[in-house]
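J.: Okay, so here is entry.txt, and as you'll see once you scroll down, it has compact mmCIF, C-alpha atoms and all ligand atoms.
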```txt
# COMPACT_ATOMS: atom_id res chain seq x y z
CA MET A 298 -33.27 14.05 5.40
CA GLY A 299 -33.49 10.85 7.41
CA PHE A 300 -31.27 7.82 6.87
CA PHE A 301 -33.67 6.10 4.48
CA GLY A 302 -33.74 9.17 2.24
CA SER A 303 -30.00 8.68 1.68
CA VAL A 304 -30.12 5.02 0.64
CA GLY A 305 -30.68 5.54 -3.10
CA ASP A 306 -29.32 2.64 -5.13
CA ARG A 307 -26.68 1.58 -2.58
CA VAL A 308 -26.79 -1.75 -0.78
CA VAL A 309 -26.88 -1.12 2.96
CA GLY A 310 -25.85 -3.64 5.62
CA ALA A 311 -28.04 -3.56 8.75
CA PRO A 312 -26.92 -6.07 11.40
CA SER A 313 -29.69 -7.30 13.70
CA ILE A 314 -28.34 -7.13 17.24
CA LEU A 315 -30.86 -9.78 18.34
CA ALA A 316 -28.12 -12.28 17.45
CA ALA A 317 -25.30 -10.32 19.12
CA ASP A 318 -23.69 -10.94 22.50
CA PHE A 319 -25.93 -8.74 24.69
CA ALA A 320 -23.25 -8.56 27.38
CA ASN A 321 -20.88 -6.85 24.90
CA LEU A 322 -23.20 -4.82 22.67
CA ALA A 323 -20.90 -1.83 22.20
CA GLU A 324 -18.02 -4.07 21.09
CA GLU A 325 -20.34 -6.08 18.83
CA VAL A 326 -21.47 -2.90 17.07
CA ARG A 327 -17.85 -1.77 16.61
CA ARG A 328 -17.10 -5.11 14.93
CA VAL A 329 -19.92 -4.87 12.40
CA GLU A 330 -19.17 -1.20 11.78
CA ALA A 331 -15.65 -2.28 10.78
CA GLY A 332 -17.36 -4.54 8.24
CA GLY A 333 -19.24 -1.64 6.66
CA ALA A 334 -22.55 -1.78 8.56
CA GLU A 335 -24.48 1.48 8.11
CA LEU A 336 -27.60 0.91 10.22
CA VAL A 337 -28.20 -1.05 13.43
CA HIS A 338 -31.40 -3.14 13.40
CA PHE A 339 -33.04 -3.29 16.84
CA ASP A 340 -35.84 -5.86 17.32
CA VAL A 341 -38.33 -5.08 20.09
CA MET A 342 -40.51 -8.09 21.05
CA ASP A 343 -43.22 -8.28 23.69
CA ASN A 344 -44.24 -11.95 24.06
CA HIS A 345 -47.74 -11.01 22.81
CA PHE A 346 -47.42 -10.02 19.17
CA VAL A 347 -44.64 -12.60 18.90
CA PRO A 348 -43.80 -15.48 21.27
CA ASN A 349 -40.48 -13.97 22.31
CA LEU A 350 -39.25 -11.19 24.56
CA SER A 351 -36.26 -9.05 23.67
CA VAL A 352 -35.24 -5.55 24.69
CA GLY A 353 -36.76 -2.09 24.93
CA PRO A 354 -36.03 1.63 25.31
CA ALA A 355 -33.34 1.33 28.04
CA VAL A 356 -31.19 -0.93 25.86
CA ALA A 357 -31.96 1.26 22.83
CA ALA A 358 -30.59 4.28 24.71
CA ALA A 359 -27.42 2.39 25.67
CA LEU A 360 -26.97 1.25 22.08
CA VAL A 361 -27.49 4.76 20.65
CA ALA A 362 -24.92 6.10 23.14
CA SER A 363 -22.40 3.47 22.05
CA THR A 364 -22.34 4.19 18.29
CA ASP A 365 -22.63 6.91 15.67
CA LEU A 366 -24.62 4.58 13.41
CA PRO A 367 -28.37 5.22 13.20
CA VAL A 368 -30.51 2.71 15.10
CA ASP A 369 -33.66 1.35 13.41
CA ALA A 370 -36.29 0.00 15.85
CA HIS A 371 -38.40 -2.88 14.49
CA LEU A 372 -41.44 -3.09 16.78
CA GLN A 373 -42.91 -6.57 17.08
CA VAL A 374 -45.30 -5.63 19.86
CA MET A 375 -49.07 -5.29 20.20
CA ARG A 376 -50.27 -1.68 20.23
CA PRO A 377 -46.87 -0.07 19.62
CA ASP A 378 -48.02 3.55 20.15
CA SER A 379 -47.25 3.58 23.87
CA LEU A 380 -43.60 2.64 23.22
CA ILE A 381 -42.91 5.32 20.62
CA PRO A 382 -42.19 8.27 22.98
CA ALA A 383 -39.62 6.28 24.99
CA LEU A 384 -37.88 5.09 21.83
CA VAL A 385 -37.80 8.65 20.48
CA GLU A 386 -36.30 9.74 23.80
CA ALA A 387 -33.76 6.90 23.52
CA GLY A 388 -32.56 8.48 20.25
CA VAL A 389 -33.43 5.87 17.63
CA ALA A 390 -33.41 7.20 14.06
CA SER A 391 -36.37 5.28 12.69
CA ILE A 392 -39.24 3.12 13.85
CA GLN A 393 -41.07 0.45 11.86
CA VAL A 394 -44.27 -1.27 12.94
CA GLN A 395 -46.23 -4.29 11.80
CA PRO A 396 -49.56 -3.03 10.35
CA GLU A 397 -51.50 -5.83 12.07
CA SER A 398 -50.19 -4.78 15.50
CA THR A 399 -52.02 -1.47 15.67
CA PRO A 400 -55.73 -0.64 15.22
CA HIS A 401 -54.97 2.85 13.86
CA LEU A 402 -51.96 2.61 11.59
CA HIS A 403 -52.32 6.21 10.41
CA ARG A 404 -52.10 7.49 13.99
CA THR A 405 -49.08 5.28 14.72
CA LEU A 406 -47.17 6.40 11.62
CA GLU A 407 -48.06 10.03 12.27
CA ALA A 408 -46.68 9.77 15.82
CA ILE A 409 -43.35 8.52 14.41
CA LYS A 410 -43.22 11.20 11.69
CA ASN A 411 -44.25 14.00 14.06
CA ALA A 412 -41.29 13.08 16.28
CA GLY A 413 -39.00 13.70 13.28
CA LEU A 414 -38.10 10.04 12.71
CA ASP A 415 -38.26 7.92 9.58
CA ALA A 416 -41.34 5.68 9.66
CA GLY A 417 -41.65 2.21 8.19
CA CYS A 418 -43.97 -0.77 7.95
CA ALA A 419 -42.78 -4.36 8.28
CA LEU A 420 -44.85 -6.90 6.35
CA SER A 421 -45.13 -10.41 7.77
CA PRO A 422 -44.77 -13.14 5.12
CA THR A 423 -48.47 -13.55 4.27
CA MET A 424 -49.32 -9.83 4.56
CA SER A 425 -50.10 -8.35 1.14
CA PRO A 426 -48.32 -5.16 0.05
CA SER A 427 -51.79 -3.80 -0.77
CA VAL A 428 -52.24 -3.08 2.97
CA LEU A 429 -49.99 -0.06 2.32
CA GLU A 430 -52.22 1.50 -0.36
CA TYR A 431 -53.26 4.45 1.82
CA ALA A 432 -50.13 4.49 4.00
CA TRP A 433 -47.54 5.48 1.37
CA PRO A 434 -47.61 9.23 2.21
CA TYR A 435 -46.50 8.45 5.78
CA LEU A 436 -43.76 5.95 4.97
CA ASP A 437 -40.01 6.31 4.43
CA TYR A 438 -39.26 2.59 3.95
CA VAL A 439 -40.83 -0.86 3.86
CA ASN A 440 -39.50 -4.04 5.46
CA VAL A 441 -40.32 -7.32 3.72
CA MET A 442 -40.00 -9.99 6.36
CA SER A 443 -38.62 -13.18 4.87
CA VAL A 444 -39.37 -15.18 8.04
CA SER A 445 -42.28 -15.00 10.49
CA PRO A 446 -41.47 -12.36 13.08
CA GLY A 447 -40.29 -13.55 16.49
CA PHE A 448 -36.90 -15.22 16.22
CA GLY A 449 -33.51 -15.02 14.59
CA GLY A 450 -32.00 -17.99 12.80
CA GLN A 451 -35.10 -19.11 10.88
CA ALA A 452 -35.14 -20.38 7.29
CA PHE A 453 -35.58 -17.85 4.46
CA ILE A 454 -39.02 -18.01 2.77
CA PRO A 455 -38.28 -17.98 -1.00
CA GLU A 456 -41.72 -16.62 -2.00
CA MET A 457 -40.65 -13.29 -0.48
CA VAL A 458 -38.40 -12.60 -3.49
CA GLY A 459 -41.51 -12.12 -5.62
CA LYS A 460 -43.03 -9.89 -2.94
CA VAL A 461 -40.00 -7.58 -3.09
CA ARG A 462 -40.38 -7.47 -6.88
CA ARG A 463 -44.07 -6.59 -6.50
CA LEU A 464 -43.27 -3.82 -4.01
CA ARG A 465 -40.58 -2.42 -6.30
CA GLU A 466 -43.34 -1.89 -8.89
CA MET A 467 -45.38 0.01 -6.30
CA THR A 468 -42.81 2.37 -4.77
CA ASP A 469 -39.40 4.00 -5.04
CA LEU A 470 -38.96 3.98 -1.25
CA PRO A 471 -36.09 1.81 0.06
CA ILE A 472 -37.08 -1.81 0.55
CA GLN A 473 -35.54 -3.55 3.53
CA VAL A 474 -35.47 -7.34 3.85
CA ASP A 475 -35.30 -9.11 7.17
CA GLY A 476 -35.01 -12.81 8.00
CA GLY A 477 -32.68 -15.52 6.77
CA ILE A 478 -30.48 -13.07 4.86
CA THR A 479 -27.11 -14.63 4.00
CA GLU A 480 -24.52 -14.39 1.21
CA GLU A 481 -26.78 -16.79 -0.73
CA THR A 482 -30.14 -15.02 -0.26
CA ALA A 483 -28.92 -11.37 -0.31
CA PRO A 484 -28.30 -11.34 -4.12
CA LEU A 485 -31.80 -12.73 -4.78
CA MET A 486 -33.36 -9.93 -2.74
CA VAL A 487 -31.18 -7.18 -4.23
CA ALA A 488 -31.91 -8.39 -7.77
CA ALA A 489 -35.62 -8.16 -6.90
CA GLY A 490 -35.20 -4.57 -5.67
CA ALA A 491 -34.20 -4.66 -1.99
CA ARG A 492 -31.48 -2.26 -0.85
CA VAL A 493 -31.31 -2.61 2.95
CA LEU A 494 -30.17 -6.04 4.13
CA VAL A 495 -30.95 -6.97 7.74
CA ALA A 496 -28.95 -9.96 8.96
CA GLY A 497 -28.52 -11.38 12.44
CA SER A 498 -27.42 -14.98 12.78
CA ALA A 499 -25.40 -14.85 9.53
CA VAL A 500 -23.35 -11.94 10.94
CA PHE A 501 -22.88 -12.45 14.68
CA ARG A 502 -20.63 -15.51 14.74
CA GLY A 503 -16.97 -15.85 13.93
CA ASP A 504 -15.48 -12.82 12.19
CA ARG A 505 -18.40 -10.37 12.34
CA ALA A 506 -16.75 -7.72 10.15
CA ALA A 507 -15.93 -10.23 7.39
CA ARG A 508 -19.45 -11.70 7.53
CA MET A 509 -21.09 -8.27 7.34
CA ARG A 510 -18.88 -7.28 4.41
CA GLY A 511 -19.53 -10.61 2.66
CA ILE A 512 -23.30 -10.13 2.75
CA VAL A 513 -23.19 -6.55 1.46
CA GLU A 514 -20.73 -7.47 -1.31
CA ALA A 515 -22.87 -10.46 -2.30
CA GLY A 516 -25.83 -8.08 -2.56
CA GLU A 517 -23.84 -5.53 -4.55
CA GLY A 518 -22.91 -8.27 -7.00
CA ALA A 519 -26.60 -8.47 -7.95
CA LEU A 520 -26.99 -4.76 -8.76
CA GLY A 521 -27.64 -4.11 -12.44
CA PRO A 522 -25.18 -2.08 -14.54
CA ALA A 523 -24.97 1.56 -13.35
O1 LIG A 601 -37.21 -9.21 13.06
C1 LIG A 601 -36.55 -10.24 13.12
C2 LIG A 601 -37.12 -11.51 13.65
O2 LIG A 601 -38.41 -11.30 14.11
C3 LIG A 601 -35.20 -10.19 12.56
O3 LIG A 601 -34.66 -8.89 12.56
C4 LIG A 601 -34.18 -11.23 13.03
O4 LIG A 601 -33.39 -10.74 14.08
C5 LIG A 601 -33.31 -11.62 11.86
O5 LIG A 601 -32.47 -12.65 12.23
P1 LIG A 601 -31.82 -13.65 11.16
O6 LIG A 601 -32.93 -14.32 10.41
O7 LIG A 601 -30.96 -12.80 10.25
O8 LIG A 601 -31.02 -14.58 12.01
CO CO A 602 -36.28 -7.34 12.61
```
As structure tokens, please, write out the structure in this file.

T.:
Amino acid sequence: MGFFGSVGDRVVGAPSILAADFANLAEEVRRVEAGGAELVHFDVMDNHFVPNLSVGPAVAAALVASTDLPVDAHLQVMRPDSLIPALVEAGVASIQVQPESTPHLHRTLEAIKNAGLDAGCALSPTMSPSVLEYAWPYLDYVNVMSVSPGFGGQAFIPEMVGKVRRLREMTDLPIQVDGGITEETAPLMVAAGARVLVAGSAVFRGDRAARMRGIVEAGEGALGPA
């Protein structure tokens, strides 16, 4: 079973290392792990799909070597298929793609699944969940982006709470949320049905462990009675 198969009804903290100190990645990951992080969120950006450039397979391999936590690659690149083999080789545990970035989504998801990884789709804010109608058999998780992909530190888009609720009606797969997640927005998303909380700028400043723990606990506070 992959990581996403183990999520169940827990609230999972997934720090986005886009906001970390890239010169001290291993230490940064140790800090958030001490705060209960269970998954490392790794944003790959190509300056074509999004107007920003981040990191790729070489940094993924270094990150994987520095931690026992699973690494989740969020591909914000045009035509992601050519990057998948190198990320598999780097040892990431899961790969998610934006449906609009690839002309043959079925082929892309199959390449991820055939490599033995969990496969996900990340939905940009105006992308309807209905795009997944024929993709469900190939998916292990869905990421609801609560900002436009491309940058950390953007403002949370409140309409995405309703989108999580809509997705919860459509699937039992874990719903991840990504963008503007803080102690204030995490409970809204968990109450709507999200279980994996990606957070970058709200985690990687000051006491990283305390900030990571604060976000997960805020989310847990919104879980219904067991
Ligand atoms: O995928 C992305 C942005 O494109 C995210 O993963 C960001 O890295 C989240 O950063 P914050 O909004 O939490 O600062
Ligand atoms: Co991301």

J.: Quick one: residues within 9 Å of ligand CO 602 (chain A), with only C-alpha atoms and all ligand atoms, as an MDAnalysis selection string?

T.: chainID A and resid 313 315 338:341 370:373 419 440 442 446:449 474:476 495:497

J.: Export, as a tab-separated table (two decimals), keeping the file's coordinate frame, the selected residues with C-alpha atoms.

T.:
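Resulting contents of selection-v2.tsv:
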```
chain	number	residue	atom	x	y	z
A	313	SER	CA	-29.69	-7.30	13.70
A	315	LEU	CA	-30.86	-9.78	18.34
A	338	HIS	CA	-31.40	-3.14	13.40
A	339	PHE	CA	-33.04	-3.29	16.84
A	340	ASP	CA	-35.84	-5.86	17.32
A	341	VAL	CA	-38.33	-5.08	20.09
A	370	ALA	CA	-36.29	0.00	15.85
A	371	HIS	CA	-38.40	-2.88	14.49
A	372	LEU	CA	-41.44	-3.09	16.78
A	373	GLN	CA	-42.91	-6.57	17.08
A	419	ALA	CA	-42.78	-4.36	8.28
A	440	ASN	CA	-39.50	-4.04	5.46
A	442	MET	CA	-40.00	-9.99	6.36
A	446	PRO	CA	-41.47	-12.36	13.08
A	447	GLY	CA	-40.29	-13.55	16.49
A	448	PHE	CA	-36.90	-15.22	16.22
A	449	GLY	CA	-33.51	-15.02	14.59
A	474	VAL	CA	-35.47	-7.34	3.85
A	475	ASP	CA	-35.30	-9.11	7.17
A	476	GLY	CA	-35.01	-12.81	8.00
A	495	VAL	CA	-30.95	-6.97	7.74
A	496	ALA	CA	-28.95	-9.96	8.96
A	497	GLY	CA	-28.52	-11.38	12.44
```

J.: If we count all atoms listed in the file and set the cut-off at 12 Å, which residues sit around Phe319 in chain A, ignoring sequence neighbours fewer than 2 positions away in its own chain? Please answer as a tab-separated table (two decimals) with C-alpha atoms, keeping the file's coordinate frame.

T.:
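The new file part38.tsv reads:
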```
chain	number	residue	atom	x	y	z
A	313	SER	CA	-29.69	-7.30	13.70
A	314	ILE	CA	-28.34	-7.13	17.24
A	315	LEU	CA	-30.86	-9.78	18.34
A	316	ALA	CA	-28.12	-12.28	17.45
A	317	ALA	CA	-25.30	-10.32	19.12
A	321	ASN	CA	-20.88	-6.85	24.90
A	322	LEU	CA	-23.20	-4.82	22.67
A	323	ALA	CA	-20.90	-1.83	22.20
A	324	GLU	CA	-18.02	-4.07	21.09
A	325	GLU	CA	-20.34	-6.08	18.83
A	326	VAL	CA	-21.47	-2.90	17.07
A	339	PHE	CA	-33.04	-3.29	16.84
A	351	SER	CA	-36.26	-9.05	23.67
A	352	VAL	CA	-35.24	-5.55	24.69
A	356	VAL	CA	-31.19	-0.93	25.86
A	357	ALA	CA	-31.96	1.26	22.83
A	359	ALA	CA	-27.42	2.39	25.67
A	360	LEU	CA	-26.97	1.25	22.08
A	501	PHE	CA	-22.88	-12.45	14.68
```

J.: Rank A:Ala506, A:Ala355, A:Leu380, A:Ala499 by their smallest atom-to-atom distance to Phe453 in chain A, using all atoms listed in the file, and report the top residue only.

T.: A:Ala499

J.: Can you work out which one of A:Ser398, A:Ile478, A:Met375, A:Val493 has the shortest atom-to-atom distance to Leu336 in chain A, counting only C-alpha atoms?

T.: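 Closest to Leu336 in chain A of all the choices is A:Val493.
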
J.: List the neighbours of Val439 in chain A out to 8 Å using all atoms listed in the file; skip same-chain residues closer than 4 positions along the sequence, and give me the result as a ChimeraX atom specification.

T.: /A:417-420,470-473

J.: So, with only C-alpha atoms as the atoms that count, which of A:Ala334, A:Val385, A:Val329, A:Ala488 lies closest to Val309 in chain A?

T.: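 Among A:Ala334, A:Val385, A:Val329, A:Ala488, it is A:Ala334 that comes nearest to Val309 in chain A.
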
J.: Quick one, how far is atom C5 of ligand LIG 601 (chain A) from CA of Gly450 in chain A?

T.: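 Spanning atom C5 of ligand LIG 601 (chain A) to CA of Gly450 in chain A is a straight-line distance of 6.6 Å.
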
J.: For the atom pair CA of Leu366 in chain A and CA of Ala483 in chain A, what is the interatomic distance in Å to one decimal place?

T.: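 Computed distance, CA of Leu366 in chain A to CA of Ala483 in chain A, equals 21.5 Å.
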
J.: Between CA of Thr468 in chain A and atom O6 of ligand LIG 601 (chain A), what is the distance, to one decimal in Å?

T.: 24.6 Å

J.: Closest to ligand LIG 601 (chain A) among A:Asp415, A:Glu466, A:Glu480, A:Glu517, using all atoms listed in the file?

T.: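 Checking each of A:Asp415, A:Glu466, A:Glu480, A:Glu517 against ligand LIG 601 (chain A), counting all atoms listed in the file, the winner is A:Glu480.
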
J.: For ligand LIG 601 (chain A), which of A:Glu386, A:Asp343, A:Asp306, A:Glu335 is the closest residue, counting only C-alpha atoms and all ligand atoms?

T.: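 When distances to ligand LIG 601 (chain A) are compared using only C-alpha atoms and all ligand atoms, the smallest one comes from A:Asp343.
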
J.: Counting only C-alpha atoms, which residue out of A:Gly490, A:Gly521, A:Pro422, A:Gly302 sits closest to Gln395 in chain A?

T.: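 Using only C-alpha atoms, the shortest distance to Gln395 in chain A belongs to A:Pro422.
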